[in-house]
$ cat target-v1.cif   # mmCIF, C-alpha atoms and all ligand atoms
data_model
loop_
_atom_site.group_PDB
_atom_site.id
_atom_site.type_symbol
_atom_site.label_atom_id
_atom_site.label_comp_id
_atom_site.auth_asym_id
_atom_site.auth_seq_id
_atom_site.Cartn_x
_atom_site.Cartn_y
_atom_site.Cartn_z
ATOM 1 C CA MET B 30 325.827 200.031 124.243
ATOM 2 C CA LEU B 31 325.079 201.541 120.827
ATOM 3 C CA LEU B 32 325.103 205.346 120.629
ATOM 4 C CA ASN B 33 324.446 207.550 117.606
ATOM 5 C CA LYS B 34 324.621 211.028 119.057
ATOM 6 C CA ILE B 35 327.760 213.009 119.870
ATOM 7 C CA GLU B 36 326.223 214.536 122.980
ATOM 8 C CA GLU B 37 325.273 211.079 124.318
ATOM 9 C CA ILE B 38 328.750 209.622 123.972
ATOM 10 C CA LYS B 39 330.307 212.764 125.448
ATOM 11 C CA LYS B 40 328.191 212.289 128.581
ATOM 12 C CA ASN B 41 329.500 208.734 129.018
ATOM 13 C CA ILE B 42 333.090 209.811 128.385
ATOM 14 C CA LYS B 43 332.756 212.530 131.030
ATOM 15 C CA VAL B 44 331.714 209.971 133.637
ATOM 16 C CA TRP B 45 334.631 207.663 132.750
ATOM 17 C CA LYS B 46 337.092 210.547 132.890
ATOM 18 C CA LYS B 47 335.776 211.555 136.313
ATOM 19 C CA GLU B 48 336.385 207.994 137.499
ATOM 20 C CA GLY B 49 339.966 208.177 136.200
ATOM 21 C CA LEU B 50 339.455 205.351 133.690
ATOM 22 C CA THR B 51 341.641 205.069 130.588
ATOM 23 C CA ILE B 52 339.811 205.054 127.275
ATOM 24 C CA GLY B 53 340.713 203.326 124.011
ATOM 25 C CA LEU B 54 339.219 204.182 120.612
ATOM 26 C CA VAL B 55 339.124 201.809 117.656
ATOM 27 C CA PRO B 56 337.942 203.736 114.581
ATOM 28 C CA THR B 57 336.348 201.535 111.899
ATOM 29 C CA MET B 58 334.008 201.696 108.954
ATOM 30 C CA GLY B 59 332.195 198.585 110.173
ATOM 31 C CA ALA B 60 331.697 195.237 108.415
ATOM 32 C CA LEU B 61 333.887 194.020 111.239
ATOM 33 C CA HIS B 62 336.210 191.045 110.772
ATOM 34 C CA ALA B 63 339.050 189.416 112.677
ATOM 35 C CA GLY B 64 341.393 192.284 111.720
ATOM 36 C CA HIS B 65 339.168 194.761 113.531
ATOM 37 C CA LEU B 66 338.768 192.302 116.417
ATOM 38 C CA SER B 67 342.540 192.184 116.892
ATOM 39 C CA LEU B 68 342.504 195.963 117.389
ATOM 40 C CA ILE B 69 339.635 195.617 119.866
ATOM 41 C CA LYS B 70 341.528 192.897 121.757
ATOM 42 C CA LYS B 71 344.610 195.105 122.008
ATOM 43 C CA ALA B 72 342.446 197.997 123.169
ATOM 44 C CA LYS B 73 340.840 195.792 125.844
ATOM 45 C CA GLU B 74 344.292 194.766 127.072
ATOM 46 C CA THR B 75 345.505 198.361 127.181
ATOM 47 C CA CYS B 76 342.517 200.379 128.418
ATOM 48 C CA ASP B 77 339.781 200.333 131.062
ATOM 49 C CA ARG B 78 337.067 201.249 128.585
ATOM 50 C CA VAL B 79 336.849 200.670 124.827
ATOM 51 C CA VAL B 80 334.888 202.621 122.225
ATOM 52 C CA VAL B 81 334.530 201.317 118.669
ATOM 53 C CA SER B 82 333.346 203.819 116.115
ATOM 54 C CA VAL B 83 331.471 202.472 113.115
ATOM 55 C CA PHE B 84 331.210 205.171 110.506
ATOM 56 C CA VAL B 85 331.445 204.899 106.731
ATOM 57 C CA ASN B 86 333.019 208.280 106.286
ATOM 58 C CA PRO B 87 331.631 209.927 103.141
ATOM 59 C CA ILE B 88 334.380 212.527 102.837
ATOM 60 C CA GLN B 89 337.169 209.974 102.417
ATOM 61 C CA PHE B 90 335.562 208.425 99.323
ATOM 62 C CA GLY B 91 336.077 209.875 95.859
ATOM 63 C CA PRO B 92 333.010 210.425 93.651
ATOM 64 C CA ALA B 93 333.740 207.265 91.609
ATOM 65 C CA GLU B 94 334.481 205.098 94.665
ATOM 66 C CA ASP B 95 332.357 202.569 96.540
ATOM 67 C CA TYR B 96 330.773 204.774 99.242
ATOM 68 C CA ASP B 97 327.202 203.759 98.370
ATOM 69 C CA LYS B 98 327.870 200.040 98.087
ATOM 70 C CA TYR B 99 330.364 199.789 100.990
ATOM 71 C CA PRO B 100 329.106 196.928 103.239
ATOM 72 C CA ARG B 101 327.002 198.160 106.154
ATOM 73 C CA THR B 102 326.326 195.483 108.793
ATOM 74 C CA LEU B 103 325.710 197.478 111.960
ATOM 75 C CA GLU B 104 323.591 194.850 113.712
ATOM 76 C CA ALA B 105 326.248 192.151 113.306
ATOM 77 C CA ASP B 106 328.989 194.651 114.194
ATOM 78 C CA GLU B 107 327.217 195.588 117.402
ATOM 79 C CA LYS B 108 326.844 191.919 118.336
ATOM 80 C CA LEU B 109 330.530 191.215 117.691
ATOM 81 C CA CYS B 110 331.515 194.255 119.739
ATOM 82 C CA LYS B 111 329.331 193.090 122.612
ATOM 83 C CA GLU B 112 330.843 189.613 122.506
ATOM 84 C CA ASN B 113 334.300 191.137 122.579
ATOM 85 C CA GLY B 114 333.743 193.376 125.562
ATOM 86 C CA VAL B 115 333.408 196.731 123.803
ATOM 87 C CA ASP B 116 331.775 199.306 126.090
ATOM 88 C CA ILE B 117 330.358 201.676 123.480
ATOM 89 C CA VAL B 118 329.739 201.337 119.761
ATOM 90 C CA PHE B 119 329.522 204.838 118.369
ATOM 91 C CA ALA B 120 327.705 204.825 115.030
ATOM 92 C CA PRO B 121 326.723 208.353 114.055
ATOM 93 C CA ALA B 122 324.863 209.229 110.863
ATOM 94 C CA PRO B 123 326.820 211.399 108.387
ATOM 95 C CA LYS B 124 324.568 214.334 109.283
ATOM 96 C CA GLU B 125 325.489 213.944 112.959
ATOM 97 C CA MET B 126 329.183 214.229 112.066
ATOM 98 C CA TYR B 127 329.029 216.844 109.350
ATOM 99 C CA GLY B 128 325.663 218.580 109.608
ATOM 100 C CA ASP B 129 324.834 219.695 106.125
ATOM 101 C CA GLY B 130 328.538 219.661 105.196
ATOM 102 C CA GLY B 131 330.483 216.679 103.995
ATOM 103 C CA ARG B 132 329.921 214.835 100.789
ATOM 104 C CA LEU B 133 328.022 217.336 98.699
ATOM 105 C CA SER B 134 328.936 220.659 100.229
ATOM 106 C CA ASN B 135 332.504 220.247 101.389
ATOM 107 C CA ASP B 136 333.014 223.990 101.352
ATOM 108 C CA ILE B 137 331.426 224.411 104.764
ATOM 109 C CA LEU B 138 333.614 221.813 106.477
ATOM 110 C CA THR B 139 337.033 222.619 107.952
ATOM 111 C CA TYR B 140 339.435 219.928 106.778
ATOM 112 C CA VAL B 141 342.673 218.562 108.149
ATOM 113 C CA CYS B 142 345.000 218.364 105.151
ATOM 114 C CA PRO B 143 348.187 216.364 105.725
ATOM 115 C CA PRO B 144 351.401 217.599 104.069
ATOM 116 C CA PHE B 145 351.554 217.099 100.298
ATOM 117 C CA PHE B 146 354.602 214.822 100.628
ATOM 118 C CA TYR B 147 352.543 212.294 102.610
ATOM 119 C CA VAL B 148 349.474 212.270 100.384
ATOM 120 C CA ASN B 149 351.011 212.649 96.950
ATOM 121 C CA LYS B 150 352.065 209.006 96.763
ATOM 122 C CA LEU B 151 350.834 205.445 97.166
ATOM 123 C CA CYS B 152 347.052 205.437 97.814
ATOM 124 C CA GLY B 153 346.873 209.235 97.774
ATOM 125 C CA LYS B 154 347.910 209.347 94.121
ATOM 126 C CA THR B 155 344.704 207.784 92.853
ATOM 127 C CA ARG B 156 342.509 208.551 95.883
ATOM 128 C CA VAL B 157 342.770 212.333 95.729
ATOM 129 C CA GLY B 158 341.512 213.930 98.945
ATOM 130 C CA HIS B 159 341.228 210.551 100.681
ATOM 131 C CA PHE B 160 343.661 211.330 103.482
ATOM 132 C CA ASP B 161 342.136 214.766 104.057
ATOM 133 C CA GLY B 162 338.882 212.927 104.712
ATOM 134 C CA VAL B 163 340.580 210.337 106.912
ATOM 135 C CA CYS B 164 342.454 212.882 109.032
ATOM 136 C CA THR B 165 339.382 215.076 109.369
ATOM 137 C CA VAL B 166 337.183 212.264 110.633
ATOM 138 C CA VAL B 167 339.905 210.815 112.878
ATOM 139 C CA LEU B 168 340.540 214.192 114.508
ATOM 140 C CA LYS B 169 336.800 214.677 115.005
ATOM 141 C CA LEU B 170 336.506 211.231 116.600
ATOM 142 C CA LEU B 171 339.532 211.912 118.815
ATOM 143 C CA ASN B 172 337.971 215.188 119.920
ATOM 144 C CA ILE B 173 334.617 213.543 120.640
ATOM 145 C CA VAL B 174 335.928 210.461 122.468
ATOM 146 C CA GLN B 175 339.120 211.998 123.945
ATOM 147 C CA PRO B 176 340.771 208.586 124.211
ATOM 148 C CA ASP B 177 344.112 207.947 125.871
ATOM 149 C CA TYR B 178 344.909 205.426 123.125
ATOM 150 C CA ALA B 179 343.678 204.952 119.570
ATOM 151 C CA PHE B 180 344.263 201.720 117.654
ATOM 152 C CA PHE B 181 345.063 201.438 113.955
ATOM 153 C CA GLY B 182 346.100 198.533 111.723
ATOM 154 C CA GLN B 183 349.355 198.219 109.809
ATOM 155 C CA LYS B 184 347.088 196.974 107.009
ATOM 156 C CA ASP B 185 346.568 200.646 106.129
ATOM 157 C CA ALA B 186 350.242 201.520 106.553
ATOM 158 C CA GLN B 187 350.143 204.934 104.869
ATOM 159 C CA GLN B 188 347.080 205.868 106.923
ATOM 160 C CA VAL B 189 348.663 205.095 110.285
ATOM 161 C CA ILE B 190 351.851 206.999 109.380
ATOM 162 C CA ILE B 191 349.758 210.019 108.386
ATOM 163 C CA VAL B 192 347.580 209.809 111.510
ATOM 164 C CA LYS B 193 350.710 209.664 113.696
ATOM 165 C CA LYS B 194 352.051 212.728 111.881
ATOM 166 C CA MET B 195 348.779 214.619 112.421
ATOM 167 C CA VAL B 196 348.716 213.741 116.118
ATOM 168 C CA LYS B 197 352.309 214.924 116.531
ATOM 169 C CA ASP B 198 351.901 218.091 114.447
ATOM 170 C CA LEU B 199 348.678 219.137 116.172
ATOM 171 C CA ASN B 200 349.679 217.987 119.693
ATOM 172 C CA VAL B 201 346.619 215.769 119.981
ATOM 173 C CA PRO B 202 346.782 214.177 123.450
ATOM 174 C CA VAL B 203 346.468 210.536 122.387
ATOM 175 C CA LYS B 204 348.859 207.647 121.894
ATOM 176 C CA ILE B 205 348.505 205.852 118.563
ATOM 177 C CA ILE B 206 348.970 202.089 118.800
ATOM 178 C CA GLN B 207 349.679 200.188 115.604
ATOM 179 C CA CYS B 208 348.558 196.557 115.343
ATOM 180 C CA PRO B 209 349.827 193.866 112.925
ATOM 181 C CA ILE B 210 348.001 192.701 109.790
ATOM 182 C CA ILE B 211 345.591 189.819 110.317
ATOM 183 C CA ARG B 212 345.321 187.386 107.411
ATOM 184 C CA GLU B 213 343.176 184.482 106.356
ATOM 185 C CA GLU B 214 344.936 181.126 106.510
ATOM 186 C CA SER B 215 345.427 181.482 102.750
ATOM 187 C CA GLY B 216 347.544 184.582 103.358
ATOM 188 C CA LEU B 217 344.913 187.044 102.109
ATOM 189 C CA ALA B 218 344.882 190.161 104.294
ATOM 190 C CA LEU B 219 341.435 190.574 105.838
ATOM 191 C CA SER B 220 339.468 193.506 104.481
ATOM 192 C CA SER B 221 335.815 194.508 104.442
ATOM 193 C CA ARG B 222 336.214 194.811 100.669
ATOM 194 C CA ASN B 223 337.030 191.082 100.335
ATOM 195 C CA LYS B 224 333.238 190.645 100.449
ATOM 196 C CA TYR B 225 333.089 191.957 96.892
ATOM 197 C CA LEU B 226 335.322 189.120 95.592
ATOM 198 C CA THR B 227 334.124 185.832 94.127
ATOM 199 C CA GLU B 228 335.860 182.613 95.252
ATOM 200 C CA GLU B 229 337.983 182.772 92.116
ATOM 201 C CA GLY B 230 338.782 186.422 92.773
ATOM 202 C CA LYS B 231 339.894 185.521 96.273
ATOM 203 C CA LYS B 232 342.337 183.015 94.819
ATOM 204 C CA ASP B 233 343.675 185.606 92.378
ATOM 205 C CA ALA B 234 343.991 188.059 95.264
ATOM 206 C CA LEU B 235 346.520 185.757 96.947
ATOM 207 C CA ALA B 236 349.067 187.138 94.487
ATOM 208 C CA LEU B 237 349.445 190.260 96.634
ATOM 209 C CA GLY B 238 350.656 188.377 99.692
ATOM 210 C CA LYS B 239 352.792 186.066 97.564
ATOM 211 C CA ILE B 240 354.499 189.001 95.861
ATOM 212 C CA LEU B 241 355.262 190.621 99.213
ATOM 213 C CA ASN B 242 356.510 187.405 100.834
ATOM 214 C CA ASN B 243 358.717 186.650 97.859
ATOM 215 C CA ILE B 244 360.182 190.157 97.911
ATOM 216 C CA LYS B 245 360.992 189.733 101.586
ATOM 217 C CA ALA B 246 362.602 186.331 100.903
ATOM 218 C CA CYS B 247 364.722 187.868 98.114
ATOM 219 C CA TYR B 248 365.691 190.737 100.409
ATOM 220 C CA LYS B 249 366.738 188.249 103.096
ATOM 221 C CA LYS B 250 368.927 186.566 100.476
ATOM 222 C CA GLY B 251 370.737 189.859 99.958
ATOM 223 C CA ILE B 252 368.922 191.625 97.091
ATOM 224 C CA THR B 253 368.363 195.234 98.137
ATOM 225 C CA ASP B 254 367.872 197.048 94.830
ATOM 226 C CA SER B 255 364.190 197.989 94.739
ATOM 227 C CA VAL B 256 364.030 197.788 90.933
ATOM 228 C CA ALA B 257 365.268 194.202 90.997
ATOM 229 C CA LEU B 258 362.946 193.353 93.878
ATOM 230 C CA ARG B 259 359.969 194.918 92.106
ATOM 231 C CA GLU B 260 360.644 192.839 88.993
ATOM 232 C CA THR B 261 360.138 189.623 90.937
ATOM 233 C CA ALA B 262 356.444 190.536 91.212
ATOM 234 C CA TYR B 263 355.648 189.924 87.562
ATOM 235 C CA ALA B 264 355.866 186.151 87.969
ATOM 236 C CA TYR B 265 352.700 186.352 90.114
ATOM 237 C CA LEU B 266 350.680 188.764 87.984
ATOM 238 C CA SER B 267 348.307 187.875 85.167
ATOM 239 C CA GLU B 268 345.657 189.676 83.142
ATOM 240 C CA LYS B 269 343.401 189.271 86.191
ATOM 241 C CA HIS B 270 345.540 191.732 88.118
ATOM 242 C CA ASP B 271 345.487 195.446 87.581
ATOM 243 C CA LEU B 272 348.545 196.607 89.512
ATOM 244 C CA GLU B 273 348.236 200.177 90.768
ATOM 245 C CA TYR B 274 351.512 200.427 92.659
ATOM 246 C CA LEU B 275 354.270 198.387 94.261
ATOM 247 C CA GLU B 276 356.486 200.744 96.221
ATOM 248 C CA PHE B 277 359.342 200.697 98.699
ATOM 249 C CA VAL B 278 359.282 203.405 101.383
ATOM 250 C CA ASP B 279 360.569 204.023 104.888
ATOM 251 C CA ARG B 280 358.054 202.588 107.348
ATOM 252 C CA ASP B 281 358.195 205.661 109.616
ATOM 253 C CA THR B 282 358.634 208.566 107.211
ATOM 254 C CA LEU B 283 357.181 207.322 103.885
ATOM 255 C CA GLU B 284 360.382 208.424 102.112
ATOM 256 C CA ASP B 285 361.117 206.403 98.965
ATOM 257 C CA ARG B 286 363.754 203.694 99.290
ATOM 258 C CA THR B 287 365.617 202.767 96.109
ATOM 259 C CA ILE B 288 367.834 200.539 98.233
ATOM 260 C CA ALA B 289 365.764 198.510 100.653
ATOM 261 C CA ASP B 290 366.789 198.195 104.288
ATOM 262 C CA ASN B 291 365.376 196.778 107.500
ATOM 263 C CA ASN B 292 363.190 199.860 107.988
ATOM 264 C CA THR B 293 361.600 199.519 104.556
ATOM 265 C CA VAL B 294 357.950 198.666 104.062
ATOM 266 C CA VAL B 295 356.844 197.308 100.688
ATOM 267 C CA LEU B 296 353.323 198.362 99.782
ATOM 268 C CA ILE B 297 351.079 197.056 97.040
ATOM 269 C CA ALA B 298 347.731 198.146 95.634
ATOM 270 C CA CYS B 299 346.130 195.988 92.973
ATOM 271 C CA ARG B 300 342.653 195.549 91.543
ATOM 272 C CA VAL B 301 341.193 192.073 91.261
ATOM 273 C CA GLU B 302 337.691 191.792 89.756
ATOM 274 C CA ASN B 303 337.785 195.587 89.916
ATOM 275 C CA VAL B 304 338.059 195.436 93.732
ATOM 276 C CA ARG B 305 340.893 197.601 94.978
ATOM 277 C CA LEU B 306 343.034 195.635 97.423
ATOM 278 C CA ILE B 307 346.025 196.809 99.441
ATOM 279 C CA ASP B 308 348.647 194.968 101.438
ATOM 280 C CA ASN B 309 352.165 195.556 102.765
ATOM 281 C CA ILE B 310 355.099 193.890 104.464
ATOM 282 C CA TYR B 311 357.973 195.052 106.648
ATOM 283 C CA LEU B 312 361.334 193.835 105.385
ATOM 284 C CA GLY B 313 362.774 194.026 108.920
ATOM 285 C CA GLU B 314 361.249 192.747 112.126
ATOM 286 C CA ASN B 315 357.744 193.893 113.093
HETATM 287 P P1 LIG B 401 338.401 200.002 108.156
HETATM 288 O O1 LIG B 401 337.125 199.562 108.791
HETATM 289 O O2 LIG B 401 338.754 199.258 106.915
HETATM 290 O O3 LIG B 401 338.490 201.500 108.018
HETATM 291 O O4 LIG B 401 339.542 199.602 109.188
HETATM 292 C C1 LIG B 401 339.507 200.051 110.510
HETATM 293 C C2 LIG B 401 340.823 199.727 111.164
HETATM 294 O O5 LIG B 401 341.039 198.318 111.121
HETATM 295 C C3 LIG B 401 342.016 200.383 110.456
HETATM 296 O O6 LIG B 401 342.936 200.861 111.416
HETATM 297 C C4 LIG B 401 342.595 199.241 109.661
HETATM 298 O O7 LIG B 401 343.976 199.375 109.403
HETATM 299 C C5 LIG B 401 342.319 198.067 110.576
HETATM 300 N N1 LIG B 401 342.331 196.826 109.808
HETATM 301 C C6 LIG B 401 341.633 196.554 108.680
HETATM 302 N N2 LIG B 401 341.946 195.335 108.218
HETATM 303 C C7 LIG B 401 342.880 194.825 109.046
HETATM 304 C C8 LIG B 401 343.626 193.613 109.089
HETATM 305 N N3 LIG B 401 343.467 192.670 108.186
HETATM 306 N N4 LIG B 401 344.502 193.442 110.115
HETATM 307 C C9 LIG B 401 344.664 194.410 111.050
HETATM 308 N N5 LIG B 401 344.004 195.569 111.061
HETATM 309 C C10 LIG B 401 343.126 195.790 110.076
#
$ encode --input "target-v1.cif" --output "C-alpha cells"
Amino acid sequence: MLLNKIEEIKKNIKVWKKEGLTIGLVPTMGALHAGHLSLIKKAKETCDRVVVSVFVNPIQFGPAEDYDKYPRTLEADEKLCKENGVDIVFAPAPKEMYGDGGRLSNDILTYVCPPFFYVNKLCGKTRVGHFDGVCTVVLKLLNIVQPDYAFFGQKDAQQVIIVKKMVKDLNVPVKIIQCPIIREESGLALSSRNKYLTEEGKKDALALGKILNNIKACYKKGITDSVALRETAYAYLSEKHDLEYLEFVDRDTLEDRTIADNNTVVLIACRVENVRLIDNIYLGEN
C-alpha cells in the first residue's frame, strides 16, 4: 500500500500496535536496488510488518548537490516493495514532512544536530549540514512510524554510527539494525548514484573496492600503520579519480586510528565522472 500522508500512516500504525505486531522501518531515498532489498529482507525476517519510506530528503542536500537530479522512480520502487512483501510504502512530499520549512526556509524547522566530533570528518567535512538533515528526517520518520526496529546499511557507515548515537542520546525507543554492503559481482557497491555513471565510469569506480580490499589484505599480512596502508591506494588511482578522503576510524566511535586494528573501518569517498561515490570495509570480522 502506498501512502503519502502522515495522518494516514499513523492510522495504520495504530491498528498494528493494538494488535501487538512488531514494526520494522527501512528509510530510503528510493531508486531501490538490491542493497535496499537486503534491508527489506532483514526487516521481513525480524518484524511482523514492514514500512519502507521513500523520501528524497531536501534538507540533507547542500545547495550545490544533486537534489534536483537525484533519481526518482516511485512507481518501480512501489512494485519492488510489493514483490518483496513490504506492507506500506510511505512516500510523503517535502511539504508533508516540512510544511513551508525545509530547503528554502530552514529557520522554521527544528533540527537534530549531532555532536561536532561526529560530523566534522569524513562525509561531513564536505557535506556541511548533511548529517543534521539526515538525523532530523530519521527522527521524524521514527516518530511517525514508531517502529520497533529500523534498518540501515553499512554502506553509509558514518550515517549509521551517527543514527545509533542519536537514538541512544535521545532515548528513542527503537533498535537500529545494521546490514552488510551489497555489491555488484564486479565488486562495485550498489548505490542509487551509480545510475549517473557511464559503463567506463563504472569500470573506473571499481578502484574504490580494490583499494579497500588491498588495504585489508595488507593489514592481514601485518601492516597496521595507517599511513603505509593509505599509500597502497595510489596504485589504483588515476586522473579519472578525484579522491576526497581515505580514512581509518573506529567502527563504533568514529575515532581516528593511526594504527589499524580489528575494530577499524576504512572509509573512502572518491569522485568518478564527477559522481561522488563512497565505500568502506571492516578490517576485522563483520
Ligand atoms: P539511500 O536510499 O541511499 O538513502 O539508502 C537507504 C538505505 O539503504 C541506507 O541505510 C543505506 O545505507 C542502505 N544502502 C544503500 N546502498 C546499500 C548497499 N549497497 N548495501 C547495503 N545497504 C545499502
$ resolve_selection --input "target-v1.cif" --expression "the PyMOL selection byres (((chain B and resi 297) around 10) and not hetatm)" --output "count of residues only"
22
$ resolve_selection --input "target-v1.cif" --expression "the PyMOL selection byres (((chain B and resi 159) around 12) and not hetatm)" --output "PyMOL selection string"
chain B and resi 86-92+94+140-143+147-158+160-166+187-188+191
$ write_last_selection --input "target-v1.cif" --atoms "C-alpha atoms" --output "compact mmCIF listing (two decimals), in the coordinates of the input"
# COMPACT_ATOMS: atom_id res chain seq x y z
CA ASN B 86 333.02 208.28 106.29
CA PRO B 87 331.63 209.93 103.14
CA ILE B 88 334.38 212.53 102.84
CA GLN B 89 337.17 209.97 102.42
CA PHE B 90 335.56 208.42 99.32
CA GLY B 91 336.08 209.88 95.86
CA PRO B 92 333.01 210.42 93.65
CA GLU B 94 334.48 205.10 94.66
CA TYR B 140 339.44 219.93 106.78
CA VAL B 141 342.67 218.56 108.15
CA CYS B 142 345.00 218.36 105.15
CA PRO B 143 348.19 216.36 105.72
CA TYR B 147 352.54 212.29 102.61
CA VAL B 148 349.47 212.27 100.38
CA ASN B 149 351.01 212.65 96.95
CA LYS B 150 352.06 209.01 96.76
CA LEU B 151 350.83 205.44 97.17
CA CYS B 152 347.05 205.44 97.81
CA GLY B 153 346.87 209.24 97.77
CA LYS B 154 347.91 209.35 94.12
CA THR B 155 344.70 207.78 92.85
CA ARG B 156 342.51 208.55 95.88
CA VAL B 157 342.77 212.33 95.73
CA GLY B 158 341.51 213.93 98.94
CA PHE B 160 343.66 211.33 103.48
CA ASP B 161 342.14 214.77 104.06
CA GLY B 162 338.88 212.93 104.71
CA VAL B 163 340.58 210.34 106.91
CA CYS B 164 342.45 212.88 109.03
CA THR B 165 339.38 215.08 109.37
CA VAL B 166 337.18 212.26 110.63
CA GLN B 187 350.14 204.93 104.87
CA GLN B 188 347.08 205.87 106.92
CA ILE B 191 349.76 210.02 108.39
$ closest_atom_pairs --input "target-v1.cif" --of "chain B" --to "ligand LIG 401 (chain B)" --cutoff "6 Å" --atoms "only C-alpha atoms and all ligand atoms" --output "Markdown table"
| residue | atom | partner | partner_atom | distance |
| --- | --- | --- | --- | --- |
| B:Pro56 | CA | B:LIG401 | C1 | 5.7 |
| B:Thr57 | CA | B:LIG401 | C1 | 3.8 |
| B:Met58 | CA | B:LIG401 | O1 | 3.8 |
| B:Gly59 | CA | B:LIG401 | O1 | 5.2 |
| B:Gly64 | CA | B:LIG401 | N4 | 3.7 |
| B:His65 | CA | B:LIG401 | O5 | 4.7 |
| B:Phe181 | CA | B:LIG401 | O6 | 3.4 |
| B:Gly182 | CA | B:LIG401 | O7 | 3.3 |
| B:Gln183 | CA | B:LIG401 | O7 | 5.5 |
| B:Lys184 | CA | B:LIG401 | O7 | 4.6 |
| B:Asp185 | CA | B:LIG401 | O7 | 4.4 |
| B:Pro209 | CA | B:LIG401 | C9 | 5.5 |
| B:Ile210 | CA | B:LIG401 | N4 | 3.6 |
| B:Ile211 | CA | B:LIG401 | N4 | 3.8 |
| B:Arg212 | CA | B:LIG401 | N3 | 5.7 |
| B:Ala218 | CA | B:LIG401 | N3 | 4.8 |
| B:Leu219 | CA | B:LIG401 | N3 | 3.7 |
| B:Ser220 | CA | B:LIG401 | N2 | 4.8 |
$ closest_residue --input "target-v1.cif" --among "B:Gln207, B:Ser215, B:Asn113, B:Gln175" --to "Asp281 in chain B" --atoms "only C-alpha atoms"
B:Gln207
$ atom_distance --input "target-v1.cif" --atom1 "CA of Val83 in chain B" --atom2 "CA of Phe119 in chain B"
6.1 Å
$ closest_residue --input "target-v1.cif" --among "B:Asp290, B:Lys98, B:Val304, B:Leu312" --to "Asn242 in chain B" --atoms "all atoms listed in the file"
B:Leu312
$ resolve_selection --input "target-v1.cif" --expression "the PyMOL selection byres (((chain B and resi 195-205) around 7) and not hetatm)" --output "ChimeraX atom specification"
/B:143,176-180,191-194,206-207
$ residues_around --input "target-v1.cif" --residues "Ser221 in chain B" --least-positions-apart "4" --cutoff "9 Å" --atoms "all atoms listed in the file" --output "PyMOL selection string"
chain B and resi 58-62+99-100+225
$ atom_distance --input "target-v1.cif" --atom1 "CA of Asp271 in chain B" --atom2 "CA of Asp254 in chain B"
23.6 Å
$ residues_around --input "target-v1.cif" --residues "range 109-111 of chain B" --least-positions-apart "6" --cutoff "9 Å" --atoms "all atoms listed in the file" --output "JSON, numbers by chain"
{"B": [30, 61, 62, 66, 69, 81, 117, 118]}
$ build_atoms --input "target-v1.cif" --residues "range 213-227 of chain B" --atoms "N, CA and C atoms" --output "CSV table (one decimal), keeping the file's coordinate frame"
chain,number,residue,atom,x,y,z
B,213,GLU,N,343.8,185.8,106.4
B,213,GLU,CA,343.2,184.5,106.4
B,213,GLU,C,344.3,183.4,106.3
B,214,GLU,N,343.9,182.2,106.6
B,214,GLU,CA,344.9,181.1,106.5
B,214,GLU,C,345.6,181.1,105.2
B,215,SER,N,344.9,181.5,104.1
B,215,SER,CA,345.4,181.5,102.8
B,215,SER,C,346.5,182.5,102.6
B,216,GLY,N,346.6,183.5,103.5
B,216,GLY,CA,347.5,184.6,103.4
B,216,GLY,C,346.9,185.9,102.9
B,217,LEU,N,345.6,185.8,102.5
B,217,LEU,CA,344.9,187.0,102.1
B,217,LEU,C,344.7,188.0,103.3
B,218,ALA,N,345.1,189.2,103.2
B,218,ALA,CA,344.9,190.2,104.3
B,218,ALA,C,343.4,190.4,104.4
B,219,LEU,N,342.9,190.3,105.6
B,219,LEU,CA,341.4,190.6,105.8
B,219,LEU,C,341.1,192.0,105.5
B,220,SER,N,339.9,192.2,104.9
B,220,SER,CA,339.5,193.5,104.5
B,220,SER,C,338.0,193.4,104.3
B,221,SER,N,337.3,194.5,104.7
B,221,SER,CA,335.8,194.5,104.4
B,221,SER,C,335.5,194.4,103.0
B,222,ARG,N,336.4,194.8,102.1
B,222,ARG,CA,336.2,194.8,100.7
B,222,ARG,C,336.4,193.4,100.1
B,223,ASN,N,336.9,192.5,100.8
B,223,ASN,CA,337.0,191.1,100.3
B,223,ASN,C,335.6,190.5,100.0
B,224,LYS,N,334.6,191.1,100.7
B,224,LYS,CA,333.2,190.6,100.4
B,224,LYS,C,332.8,190.8,99.0
B,225,TYR,N,333.5,191.7,98.3
B,225,TYR,CA,333.1,192.0,96.9
B,225,TYR,C,333.6,190.9,96.0
B,226,LEU,N,334.6,190.1,96.5
B,226,LEU,CA,335.3,189.1,95.6
B,226,LEU,C,334.6,187.8,95.5
B,227,THR,N,334.6,187.2,94.3
B,227,THR,CA,334.1,185.8,94.1
B,227,THR,C,335.2,184.9,94.7
